[in-house]
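Structure file final-v3.txt with compact mmCIF, C-alpha atoms:
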# COMPACT_ATOMS: atom_id res chain seq x y z
CA MET V 24 -6.28 -10.52 19.77
CA THR V 25 -8.95 -8.61 21.56
CA PRO V 26 -8.70 -6.69 24.79
CA ALA V 27 -10.78 -9.37 26.41
CA ASP V 28 -8.19 -12.01 25.69
CA ASP V 29 -6.26 -13.45 28.53
CA GLN V 30 -2.97 -11.86 29.51
CA GLN V 31 -1.17 -15.16 29.41
CA LEU V 32 0.26 -15.01 25.93
CA PRO V 33 2.16 -17.80 24.21
CA ASP V 34 5.87 -17.39 24.86
CA ALA V 35 6.92 -16.79 21.26
CA GLU V 36 4.27 -14.18 20.72
CA SER V 37 4.97 -12.35 23.96
CA GLY V 38 8.65 -12.20 23.20
CA ARG V 39 8.03 -10.92 19.71
CA ASP V 40 5.52 -8.32 20.78
CA GLU V 41 7.79 -7.15 23.55
CA ALA V 42 10.75 -6.82 21.23
CA HIS V 43 8.60 -5.15 18.64
CA ALA V 44 7.11 -2.70 21.08
CA GLN V 45 10.58 -1.82 22.32
CA GLU V 46 11.67 -1.11 18.74
CA GLU V 47 8.61 1.02 18.24
CA LEU V 48 9.47 2.97 21.35
CA ASP V 49 13.01 3.41 20.13
CA ASP V 50 11.64 4.71 16.85
CA GLU V 51 9.40 7.11 18.63
CA LEU V 52 12.10 8.46 20.88
CA ALA V 53 14.35 9.20 17.92
CA PRO V 54 12.02 10.11 15.05
CA GLU V 55 14.62 12.09 13.12
CA ALA V 56 17.32 9.46 13.38
CA PRO V 57 18.40 7.92 10.06
CA VAL V 58 16.84 4.54 9.41
CA GLU V 59 19.22 1.81 10.37
CA PRO V 60 18.80 -1.83 11.28
CA ALA V 61 16.79 -2.28 14.48
CA VAL V 62 18.18 -0.32 17.36
CA VAL V 63 18.54 -2.15 20.64
CA ALA V 64 17.84 -0.17 23.78
CA ALA V 65 20.45 -0.07 26.46
CA PRO V 66 19.60 -2.68 29.12
CA ALA V 67 19.92 -0.14 31.92
CA ALA V 68 17.42 2.26 30.33
CA ARG V 69 15.05 -0.60 29.66
CA ASP V 70 15.22 -1.85 33.25
CA SER V 71 14.59 1.63 34.52
CA PHE V 72 11.56 2.00 32.22
CA GLU V 73 10.12 -1.29 33.47
CA LYS V 74 10.65 -0.31 37.09
CA ILE V 75 8.69 2.92 36.58
CA ASP V 76 5.93 0.84 34.95
CA GLN V 77 5.68 -1.54 37.82
CA HIS V 78 5.74 1.27 40.35
CA LEU V 79 2.92 3.16 38.62
CA LEU V 80 0.89 0.00 38.07
CA ARG V 81 1.11 -0.86 41.75
CA ARG V 82 0.07 2.64 42.73
CA TYR V 83 -2.96 2.42 40.47
CA HIS V 84 -4.06 -1.16 41.08
CA LEU V 85 -3.26 -1.45 44.78
CA HIS V 86 -4.01 2.09 45.95
CA GLY V 87 -6.42 3.35 43.29
CA ASP V 88 -4.12 6.25 42.40
CA LEU V 89 -5.69 7.71 39.25
CA LYS V 90 -2.75 10.04 38.72
CA ALA V 91 -0.52 6.98 38.28
CA ARG V 92 -2.94 5.67 35.69
CA GLU V 93 -2.79 8.98 33.86
CA GLU V 94 1.00 8.94 33.94
CA LEU V 95 1.02 5.43 32.48
CA ILE V 96 -1.29 6.51 29.66
CA THR V 97 0.91 9.51 28.87
CA MET V 98 4.02 7.35 29.05
CA TYR V 99 2.65 4.82 26.57
CA MET V 100 1.08 7.21 24.08
CA PRO V 101 4.22 7.15 21.89
CA LEU V 102 3.71 3.38 21.58
CA VAL V 103 0.08 3.96 20.57
CA ARG V 104 1.14 6.54 17.95
CA SER V 105 3.79 4.19 16.60
CA LEU V 106 1.34 1.33 16.24
CA ALA V 107 -1.32 3.62 14.76
CA ARG V 108 1.16 4.89 12.18
CA ARG V 109 1.46 1.36 10.80
CA TYR V 110 -2.20 1.48 9.82
CA ALA V 111 -2.33 5.10 8.69
CA SER V 112 -1.96 4.22 5.02
CA ARG V 113 -5.31 2.41 4.97
CA GLY V 114 -7.44 5.46 4.45
CA GLU V 115 -8.34 6.35 8.03
CA HIS V 116 -7.15 9.52 9.74
CA PHE V 117 -4.05 9.02 11.81
CA ASP V 118 -5.53 10.96 14.74
CA ASP V 119 -8.60 8.71 14.76
CA LEU V 120 -6.39 5.64 14.88
CA VAL V 121 -4.44 7.13 17.78
CA GLN V 122 -7.69 7.70 19.66
CA VAL V 123 -8.81 4.13 19.02
CA GLY V 124 -5.39 2.80 20.02
CA ALA V 125 -5.54 4.87 23.22
CA ILE V 126 -8.75 3.06 24.16
CA GLY V 127 -6.86 -0.22 23.76
CA LEU V 128 -4.08 1.13 25.97
CA ILE V 129 -6.47 2.25 28.70
CA LYS V 130 -8.20 -1.14 28.65
CA ALA V 131 -4.80 -2.84 28.93
CA ILE V 132 -3.80 -0.69 31.92
CA ASP V 133 -7.16 -1.26 33.64
CA ARG V 134 -7.14 -5.01 33.09
CA PHE V 135 -3.49 -5.55 33.86
CA ASP V 136 -2.91 -8.25 36.45
CA LEU V 137 0.18 -7.59 38.58
CA SER V 138 0.36 -11.21 39.70
CA ARG V 139 1.00 -12.48 36.16
CA GLY V 140 4.52 -11.11 36.01
CA VAL V 141 4.03 -9.90 32.43
CA GLU V 142 5.39 -6.52 31.35
CA LEU V 143 2.89 -3.83 30.43
CA THR V 144 4.40 -3.42 26.95
CA THR V 145 3.83 -7.11 26.26
CA TYR V 146 0.24 -6.91 27.36
CA ALA V 147 -0.60 -3.51 25.92
CA THR V 148 0.72 -4.00 22.37
CA PRO V 149 -1.76 -6.70 21.27
CA ASN V 150 -4.54 -4.80 23.04
CA ILE V 151 -3.77 -1.59 21.15
CA VAL V 152 -3.34 -3.38 17.82
CA GLY V 153 -6.49 -5.41 18.50
CA GLU V 154 -8.52 -2.27 19.10
CA ILE V 155 -7.21 -0.65 15.91
CA LYS V 156 -7.87 -3.80 13.87
CA ARG V 157 -11.38 -4.05 15.26
CA TYR V 158 -11.96 -0.45 14.26
CA PHE V 159 -10.90 -1.31 10.71
CA ARG V 160 -13.01 -4.44 10.72
CA ASP V 161 -16.09 -2.44 11.69
CA LYS V 162 -15.49 0.78 9.78
CA GLY V 163 -12.27 0.66 7.81
CA TRP V 164 -13.32 -0.90 4.52
CA SER V 165 -14.69 1.81 2.28
CA VAL V 166 -15.49 -0.78 -0.36
CA ARG V 167 -17.82 -3.16 1.40
CA VAL V 168 -16.07 -6.46 1.88
CA PRO V 169 -18.09 -9.33 3.36
CA ARG V 170 -17.59 -9.48 7.10
CA GLY V 171 -16.32 -13.08 6.94
CA LEU V 172 -13.64 -12.03 4.48
CA GLN V 173 -12.68 -9.03 6.60
CA GLU V 174 -12.23 -11.30 9.61
CA LEU V 175 -10.27 -13.83 7.59
CA ASN V 176 -8.06 -11.02 6.31
CA ILE V 177 -7.23 -9.99 9.88
CA ARG V 178 -6.62 -13.63 10.87
CA VAL V 179 -4.42 -14.22 7.83
CA ASN V 180 -2.32 -11.14 8.55
CA LYS V 181 -1.91 -12.24 12.15
CA MET V 182 -0.80 -15.69 11.00
CA ILE V 183 1.73 -14.19 8.58
CA ASP V 184 3.16 -12.12 11.43
CA GLU V 185 3.40 -15.23 13.59
CA LEU V 186 4.67 -17.69 11.00
CA THR V 187 7.42 -15.51 9.49
CA PRO V 188 9.64 -15.40 12.60
CA LYS V 189 8.68 -18.95 13.54
CA LEU V 190 9.68 -20.42 10.17
CA GLN V 191 12.52 -17.93 9.67
CA ARG V 192 11.22 -17.32 6.15
CA SER V 193 8.18 -16.11 4.30
CA PRO V 194 5.36 -18.66 4.72
CA THR V 195 3.62 -20.37 1.81
CA ILE V 196 -0.09 -19.95 1.16
CA GLU V 197 -0.63 -23.57 2.26
CA GLU V 198 1.05 -22.87 5.59
CA ILE V 199 -0.96 -19.69 6.13
CA ALA V 200 -4.13 -21.57 5.20
CA ALA V 201 -3.41 -24.38 7.63
CA ALA V 202 -2.68 -21.91 10.45
CA SER V 203 -5.75 -19.82 9.66
CA ASN V 204 -8.06 -22.82 9.35
CA ALA V 205 -8.97 -21.77 5.80
CA THR V 206 -8.40 -23.04 2.27
CA PRO V 207 -5.56 -21.63 0.12
CA GLU V 208 -8.18 -20.03 -2.13
CA GLU V 209 -9.74 -18.27 0.84
CA VAL V 210 -6.34 -17.00 1.94
CA LEU V 211 -5.62 -15.58 -1.52
CA GLU V 212 -9.08 -14.01 -1.57
CA ALA V 213 -8.52 -12.50 1.86
CA LEU V 214 -5.17 -11.06 0.81
CA GLU V 215 -6.75 -9.62 -2.31
CA SER V 216 -9.54 -8.06 -0.25
CA SER V 217 -6.98 -5.95 1.60
CA GLN V 218 -6.70 -3.94 -1.60
CA ALA V 219 -10.18 -2.62 -0.82
CA TYR V 220 -9.20 -0.77 2.34
CA ASN V 221 -9.74 2.56 0.69
CA SER V 222 -11.26 3.97 -2.45
CA VAL V 223 -11.07 7.29 -4.20
CA SER V 224 -13.93 9.01 -5.94
CA LEU V 225 -13.48 9.56 -9.66
CA GLN V 226 -14.73 13.09 -9.01
CA ALA V 227 -11.94 13.73 -6.49
CA SER V 228 -9.25 16.25 -7.25
CA PRO V 229 -5.93 14.73 -8.24
CA THR V 230 -4.10 17.17 -5.96
CA SER V 231 -4.35 17.45 -2.20
CA ASP V 232 -5.14 21.17 -2.39
CA PRO V 233 -8.80 21.54 -3.35
CA GLY V 234 -8.32 25.09 -4.65
CA ASP V 235 -5.33 24.15 -6.72
CA ASP V 236 -7.00 22.31 -9.57
CA GLU V 237 -10.61 22.07 -10.63
CA SER V 238 -10.11 18.90 -12.64
CA ALA V 239 -11.21 15.48 -11.39
CA LEU V 240 -9.50 12.10 -11.62
CA VAL V 241 -12.11 10.99 -14.15
CA ASP V 242 -10.78 13.67 -16.53
CA TYR V 243 -7.51 11.81 -16.67
CA LEU V 244 -9.01 8.50 -17.76
CA GLY V 245 -8.51 7.45 -21.33
CA GLY V 246 -6.05 10.20 -22.14
CA ASP V 247 -3.11 9.74 -24.43
CA GLU V 248 0.14 9.23 -22.64
CA ASN V 249 3.02 11.39 -23.81
CA ALA V 250 6.01 9.30 -24.65
CA TYR V 251 9.30 9.97 -22.95
CA ASP V 252 12.55 8.18 -23.20
CA THR V 253 14.31 6.22 -20.56
CA MET V 254 17.04 8.73 -19.86
CA GLU V 255 14.46 11.37 -19.10
CA ASP V 256 12.77 8.89 -16.76
CA ARG V 257 15.94 8.55 -14.79
CA THR V 258 16.42 12.27 -14.55
CA MET V 259 12.84 12.63 -13.40
CA LEU V 260 13.10 9.85 -10.85
CA ALA V 261 15.97 11.49 -8.99
CA PRO V 262 13.89 14.31 -7.43
CA GLY V 263 11.13 11.76 -6.78
CA PHE V 264 13.57 9.77 -4.72
CA ALA V 265 14.45 12.88 -2.77
CA LYS V 266 10.80 13.25 -1.78
CA LEU V 267 10.56 9.73 -0.36
CA SER V 268 11.11 9.32 3.35
CA ALA V 269 14.46 8.00 4.52
CA ARG V 270 12.77 4.74 5.44
CA GLU V 271 11.15 4.33 2.02
CA ARG V 272 14.47 5.04 0.28
CA TYR V 273 16.19 2.60 2.59
CA ILE V 274 13.60 -0.12 1.92
CA LEU V 275 13.78 0.39 -1.86
CA HIS V 276 17.55 0.26 -1.61
CA LEU V 277 17.46 -2.98 0.38
CA ARG V 278 14.95 -4.55 -1.98
CA PHE V 279 16.27 -3.51 -5.35
CA PHE V 280 19.96 -2.80 -4.84
CA GLU V 281 20.90 -5.23 -2.08
CA GLY V 282 18.43 -7.86 -3.27
CA LEU V 283 16.90 -8.61 0.15
CA THR V 284 13.51 -10.31 0.23
CA GLN V 285 10.56 -8.56 1.84
CA SER V 286 10.82 -10.84 4.87
CA GLN V 287 14.50 -10.07 5.30
CA ILE V 288 13.77 -6.36 5.06
CA ALA V 289 10.97 -6.77 7.59
CA VAL V 290 13.42 -8.32 10.07
CA ARG V 291 16.07 -5.69 9.41
CA VAL V 292 13.76 -2.69 9.66
CA GLY V 293 11.62 -4.15 12.43
CA ILE V 294 8.23 -4.08 10.72
CA SER V 295 5.99 -6.78 9.26
CA GLN V 296 6.42 -8.26 5.78
CA MET V 297 2.99 -6.96 4.85
CA HIS V 298 4.04 -3.48 5.86
CA VAL V 299 7.21 -3.76 3.77
CA SER V 300 5.06 -4.80 0.83
CA ARG V 301 2.78 -1.81 1.33
CA LEU V 302 5.71 0.59 1.70
CA ILE V 303 7.35 -0.64 -1.51
CA ARG V 304 4.11 -0.26 -3.43
CA ARG V 305 3.43 3.15 -1.96
CA ALA V 306 6.97 4.36 -2.72
CA LEU V 307 6.73 3.14 -6.31
CA GLU V 308 3.33 4.76 -6.62
CA GLN V 309 4.78 8.01 -5.28
CA LEU V 310 7.62 7.85 -7.79
CA ARG V 311 5.11 7.23 -10.55
CA GLU V 312 3.08 10.24 -9.44
CA GLU V 313 6.22 12.34 -9.28
CA ILE V 314 7.03 11.48 -12.89
CA GLY V 315 3.46 12.39 -13.79
CA GLU V 316 3.71 15.79 -12.13
CA LEU V 317 6.99 16.64 -13.77
CA ASP V 318 5.89 15.35 -17.12
CA ALA V 319 2.44 16.94 -17.19
CA PRO V 320 1.92 20.14 -19.17
CA ALA V 321 0.23 23.16 -17.54
CA SER V 322 -3.26 21.77 -18.13
CA PRO V 323 -4.16 18.06 -17.92
CA PRO V 324 -3.72 16.47 -21.35
CA ALA V 325 -6.85 14.32 -21.18
CA ARG V 326 -8.97 17.31 -20.20
CA SER V 327 -7.61 19.32 -23.08
CA ILE V 328 -8.50 16.54 -25.45
CA GLN V 329 -11.99 16.28 -24.00
CA ASN V 330 -12.51 20.00 -24.39
CA GLN V 331 -11.53 19.87 -28.02
CA ARG V 332 -14.06 17.20 -28.83
CA MET F 29 3.63 -32.06 -16.08
CA ALA F 30 3.46 -28.61 -17.65
CA GLU F 31 0.16 -26.78 -17.73
CA ARG F 32 -0.69 -23.79 -19.86
CA ILE F 33 -3.27 -21.18 -18.80
CA ASN F 34 -4.33 -18.42 -21.16
CA LEU F 35 -5.88 -15.22 -19.90
CA ASP F 36 -7.49 -12.62 -22.14
CA VAL F 37 -8.64 -9.54 -20.22
CA ALA F 38 -9.46 -5.90 -20.91
CA ALA F 39 -6.34 -3.76 -21.14
CA SER F 40 -6.96 -1.70 -18.02
CA LEU F 41 -5.59 -1.49 -14.52
CA SER F 42 -8.83 -2.92 -13.17
CA SER F 43 -7.83 -6.25 -14.74
CA LEU F 44 -4.84 -6.48 -12.42
CA SER F 45 -7.00 -7.95 -9.69
CA THR F 46 -8.08 -10.81 -11.96
CA ILE F 47 -4.50 -11.39 -13.03
CA ARG F 48 -3.30 -11.42 -9.42
CA ARG F 49 -5.94 -13.98 -8.47
CA VAL F 50 -4.94 -16.41 -11.22
CA LEU F 51 -1.25 -15.83 -10.68
CA GLY F 52 -1.59 -16.24 -6.92
CA GLY F 53 -3.50 -19.48 -7.31
CA LEU F 54 -0.88 -20.98 -9.60
CA ALA F 55 2.04 -19.79 -7.49
CA ALA F 56 0.38 -21.11 -4.33
CA ARG F 57 -0.07 -24.49 -5.98
CA LEU F 58 3.65 -24.52 -6.74
CA GLY F 59 4.38 -23.85 -3.08
CA PHE F 60 5.83 -20.38 -3.61
CA SER F 61 6.30 -18.35 -0.47
CA LEU F 62 4.30 -15.20 0.18
CA ASP F 63 7.39 -13.12 -0.66
CA ASP F 64 7.80 -14.91 -3.98
CA ILE F 65 4.13 -14.43 -4.80
CA ASP F 66 4.33 -10.75 -3.96
CA ASP F 67 7.39 -10.45 -6.20
CA LEU F 68 5.44 -12.06 -9.04
CA TYR F 69 2.54 -9.70 -8.49
CA LEU F 70 4.84 -6.69 -8.42
CA SER F 71 6.82 -7.61 -11.54
CA THR F 72 3.75 -8.54 -13.61
CA GLU F 73 1.87 -5.44 -12.50
CA GLU F 74 4.78 -3.14 -13.26
CA VAL F 75 5.22 -4.51 -16.80
CA ILE F 76 1.51 -4.05 -17.45
CA ARG F 77 1.36 -0.58 -15.88
CA CYS F 78 4.38 0.46 -17.89
CA ALA F 79 2.93 -0.99 -21.09
CA LEU F 80 -0.40 0.74 -20.57
CA GLY F 81 1.46 3.98 -19.93
CA HIS F 82 3.06 3.84 -23.34
CA GLU F 83 0.42 2.25 -25.54
CA SER F 84 -3.29 1.58 -25.58
CA PRO F 85 -4.03 -2.02 -26.53
CA GLU F 86 -7.64 -3.17 -26.30
CA ARG F 87 -6.83 -6.48 -24.68
CA LEU F 88 -4.14 -7.93 -22.49
CA ARG F 89 -3.18 -11.49 -23.31
CA LEU F 90 -1.24 -13.49 -20.80
CA GLU F 91 -0.05 -17.04 -20.99
CA MET F 92 1.07 -18.75 -17.81
CA LEU F 93 3.12 -21.88 -18.04
CA VAL F 94 3.27 -23.95 -14.88
CA SER F 95 5.88 -26.68 -14.62
CA ASP F 96 7.93 -28.43 -11.97
CA ASP F 97 10.66 -25.90 -12.66
CA GLY F 98 8.51 -22.90 -11.86
CA LEU F 99 6.24 -20.38 -13.46
CA ARG F 100 6.56 -18.50 -16.73
CA ILE F 101 4.28 -15.54 -17.43
CA GLU F 102 4.18 -14.35 -21.00
CA MET F 103 2.50 -11.07 -21.82
CA GLY F 104 1.96 -10.44 -25.50
CA GLY F 105 1.02 -7.98 -28.15
CA PHE F 106 3.12 -5.01 -27.06
CA SER F 107 4.73 -2.71 -29.59
CA SER F 108 5.86 0.36 -27.69
CA SER F 109 9.49 1.25 -28.23
CA GLU F 110 9.51 2.98 -24.84
CA LEU F 111 8.54 -0.24 -23.05
CA ARG F 112 11.16 -2.12 -25.03
CA ALA F 113 13.79 0.42 -24.00
CA GLU F 114 12.78 0.27 -20.35
CA LEU F 115 12.98 -3.50 -20.32
CA ARG F 116 16.49 -3.45 -21.71
CA CYS F 117 17.76 -0.55 -19.70
CA ASP F 118 20.84 -1.31 -17.63
CA ALA F 119 20.28 0.54 -14.41
CA ALA F 120 23.19 -1.03 -12.57
CA ALA F 121 25.00 2.28 -12.34
CA ALA F 122 21.99 4.44 -11.63
CA ASP F 123 20.68 4.99 -8.14
CA VAL F 124 17.06 4.71 -9.20
CA VAL F 125 14.54 1.91 -9.42
CA ASP F 126 13.48 1.55 -13.01
CA LEU F 127 11.55 -1.29 -14.57
CA ALA F 128 14.61 -3.32 -15.56
CA CYS F 129 16.07 -3.00 -12.08
CA LEU F 130 12.79 -3.98 -10.49
CA LEU F 131 12.45 -7.06 -12.69
CA ARG F 132 16.03 -8.13 -12.07
CA ASN F 133 15.23 -8.23 -8.38
CA THR F 134 11.87 -9.91 -8.51
CA VAL F 135 12.09 -12.60 -11.22
CA ASP F 136 14.82 -14.95 -12.38
CA GLU F 137 14.60 -14.21 -16.06
CA VAL F 138 13.10 -11.62 -18.36
CA CYS F 139 12.76 -12.53 -22.04
CA VAL F 140 11.72 -10.12 -24.78
CA GLN F 141 10.66 -12.05 -27.86
CA GLU F 142 10.21 -10.30 -31.17
CA GLN F 143 7.14 -11.06 -33.24
CA ALA F 144 6.04 -10.15 -36.72
CA GLY F 145 5.11 -6.53 -37.44
CA GLY F 146 7.28 -4.98 -34.73
CA ALA F 147 5.28 -6.48 -31.87
CA PHE F 148 6.93 -8.28 -29.02
CA THR F 149 6.12 -10.35 -25.95
CA VAL F 150 7.58 -10.11 -22.48
CA ALA F 151 8.10 -13.29 -20.50
CA LEU F 152 8.87 -13.36 -16.80
CA VAL F 153 10.27 -16.56 -15.34
CA ARG F 154 10.33 -17.39 -11.69
CA GLY F 155 11.92 -20.71 -10.78
CA HIS F 156 10.70 -22.99 -8.05
CA ARG F 157 12.74 -22.75 -4.88
CA SER F 158 12.87 -25.42 -2.24
CA LEU F 159 11.99 -23.98 1.15
CA PRO F 160 14.53 -24.25 3.97

As C-alpha cells - that is how I would like this structure written.
Amino acid sequence: MTPADDQQLPDAESGRDEAHAQEELDDELAPEAPVEPAVVAAPAARDSFEKIDQHLLRRYHLHGDLKAREELITMYMPLVRSLARRYASRGEHFDDLVQVGAIGLIKAIDRFDLSRGVELTTYATPNIVGEIKRYFRDKGWSVRVPRGLQELNIRVNKMIDELTPKLQRSPTIEEIAAASNATPEEVLEALESSQAYNSVSLQASPTSDPGDDESALVDYLGGDENAYDTMEDRTMLAPGFAKLSARERYILHLRFFEGLTQSQIAVRVGISQMHVSRLIRRALEQLREEIGELDAPASPPARSIQNQR
Amino acid sequence: MAERINLDVAASLSSLSTIRRVLGGLAARLGFSLDDIDDLYLSTEEVIRCALGHESPERLRLEMLVSDDGLRIEMGGFSSSELRAELRCDAAAADVVDLACLLRNTVDEVCVQEQAGGAFTVALVRGHRSLP
C-alpha cells in the first residue's frame, strides 16, 4: 500500500487495520502495562477520539487551519512510533523509522477525503506502514537483495497478514503464492531473503560499548566451545529470562509452555505472525547470548587460543 | 510414495540457509502451513546450533524423508554427550525454554538413535495435518 493508493480500502482490510491501529494506540497509551491479550478500548473513549479527529480534519480541510493539522500530527505520533517499533529490529534506527512514518502520516492527513466517511486511523495506518516499507525497500537491505525479490518479500508479507485472519489459520506456501501471483519457490526465496535485512561486520565489537572490549567478532570464530552441563544451562537461563521484556517472556511462555502456534499468539498479542516469529528468534538469540556472557571467562577463549599460536 | 533426500553440507551456521531452503521446499510441497514450516526451521536450526556449540564436526549430514504421513529430518554423526543430555532433558518442571522443551513444542516426535562408536543421530518428525 502506498500513500498514493485510494482511500477506499477493502472492507476486511479496513476493519483489520482499524482494529490493529486501535490496539497499537492502546499499547502506546499504557507502555508499562503488563502484556495481556489485546485490550479493547472503551467505546466512549473511542467515540470521543474519533469526534476530535473529525473536528480537526474539518478545520484543516475546510478552513485551512494549519494548527489543526499540527494537532492531528501530534495526536497520531504515538501510532507512528508504535508502527515504527515493529520494524526497529531490522537494522535501521528507530528514530529514522519514526521520521519516515511521520511523512506517511502527514501525507495521509493531507490527502484525507472527508466525504469518504473513513476514519483517519484506517486511512493513516497503511500510509504510515507503506512509507516505512518503501524506506526499507529502497535503503533497508544491507546485503543487496535484488529489487524484484525485495518487492516480492513485501508483497508476500502483506499477503500473509491478509490471509491469516481471512483463513483463520496460518496460510500454506501455495496459498501465499497464489495470492502474491508468484510460484511457491519464489515465495520461499522471498521469505529467506528477509534474513538479509541486516548484517554485522566481522570486525565489529561483540559488545555494544565500543570502549569495553577491543576484540572483534571474527576473533570468536573457530574457537573451542567450553562444555557445560544441562543443569548449569538452566541456572544460567534464569537471569537471561529476567532480561527479556515482558512481551518476549509472555510470547515464549505462550509458544513453549501453553503450546500456542505462532498465528494464535499473533491474534492474542495483536501483532503479525511474522513479528511473533521474529520475536521468538530474537528472544532465543538473546538467551543464547546471555549464556555466552555468563559462561565466558575474563578474556575471549578463541582470542586466547589465537594468541598462543 | 516416500522420497528420500540427502544433504551433505559444511558444518557451519552459514549452511542453515541451504537447509532451510530444502526443508521449506519439501514442507511446502506437503502443504504445511507457514507456522508449521517455521516450527520445522526453528527445531532443525536449534538442534544444529546446539550440536555445533558442543562439538566441531566437519560436515553436517541430513536425511529428509517425505511421505504422505509427513516429514522426517534425520541429522547424523553427532557424539556430544552434552547434546544428548539436552535432548533428553525433561524441562516440564522448569520455567525455562531448553532444547527439549522447544522440540516438544515444535515437532511431533524426537528420536535419538544410537550408532556404533558412541555416535548418534537425531530425527525430528512432523506429521502432516489437514488444514481446517

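Minimum atom-to-atom distances from V:Gly293, V:Pro149, V:Pro194, V:Gly263 to chain F were compared using all atoms listed in the file, and the lowest value belongs to V:Pro194.
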
Residues of chain V within 6 Å of chain F, only C-alpha atoms counted, as a PDB file with C-alpha atoms, keeping the file's coordinate frame:
ATOM      1  CA  SER V 193       8.180 -16.110   4.300  1.00  0.00           C
ATOM      2  CA  PRO V 194       5.360 -18.660   4.720  1.00  0.00           C
ATOM      3  CA  THR V 195       3.620 -20.370   1.810  1.00  0.00           C
ATOM      4  CA  ILE V 196      -0.090 -19.950   1.160  1.00  0.00           C
ATOM      5  CA  PHE V 279      16.270  -3.510  -5.350  1.00  0.00           C
TER       6      PHE V 279
END

Task: Selection near V:Arg178, 9 Å with all atoms listed in the file, sequence-local residues under 5 positions removed, as a PyMOL selection string - done: chain V and resi 173+183+203

Open item on the list: List as a count of residues only the protein and nucleic acid residues near stretch 90-104 of chain F, meaning an atom at most 9 Å away when all atoms listed in the file are counted, but skip any in the same chain fewer than 2 places from it.
Closed with: 31

TODO: Give me, please, the distance in Å between atom CA of V:Arg157 and atom CA of V:Glu185, quoted to one decimal.
DONE: 18.6 Å

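Going from atom CA of V:Arg92 over to atom CA of V:Val123, you cover 17.7 Å.
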
TODO: Give me, please, the distance in Å between atom CA of V:Leu143 and atom CA of V:Met98, quoted to one decimal.
DONE: 11.3 Å

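Near V:Ala205, within 12 Å and counting all atoms listed in the file, sit V:Gly171, V:Leu172, V:Glu174, V:Leu175, V:Asn176, V:Arg178, V:Val179, V:Met182, V:Ile196, V:Glu197, V:Glu198, V:Ile199, V:Ala200, V:Ala201, V:Ala202, V:Ser203, V:Pro207, V:Glu208, V:Glu209, V:Val210, V:Leu211, V:Glu212, V:Ala213, not including residues fewer than 2 positions from it in the same chain.
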
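Using all atoms listed in the file, the contacts of V:Ala306 at a cut-off of 9 Å, with sequence neighbours closer than 4 positions omitted, comprise Phe264, Leu267, Ser268, Glu271, Arg272, Leu275, Arg301, Leu302, Leu310 and Arg311 of chain V.
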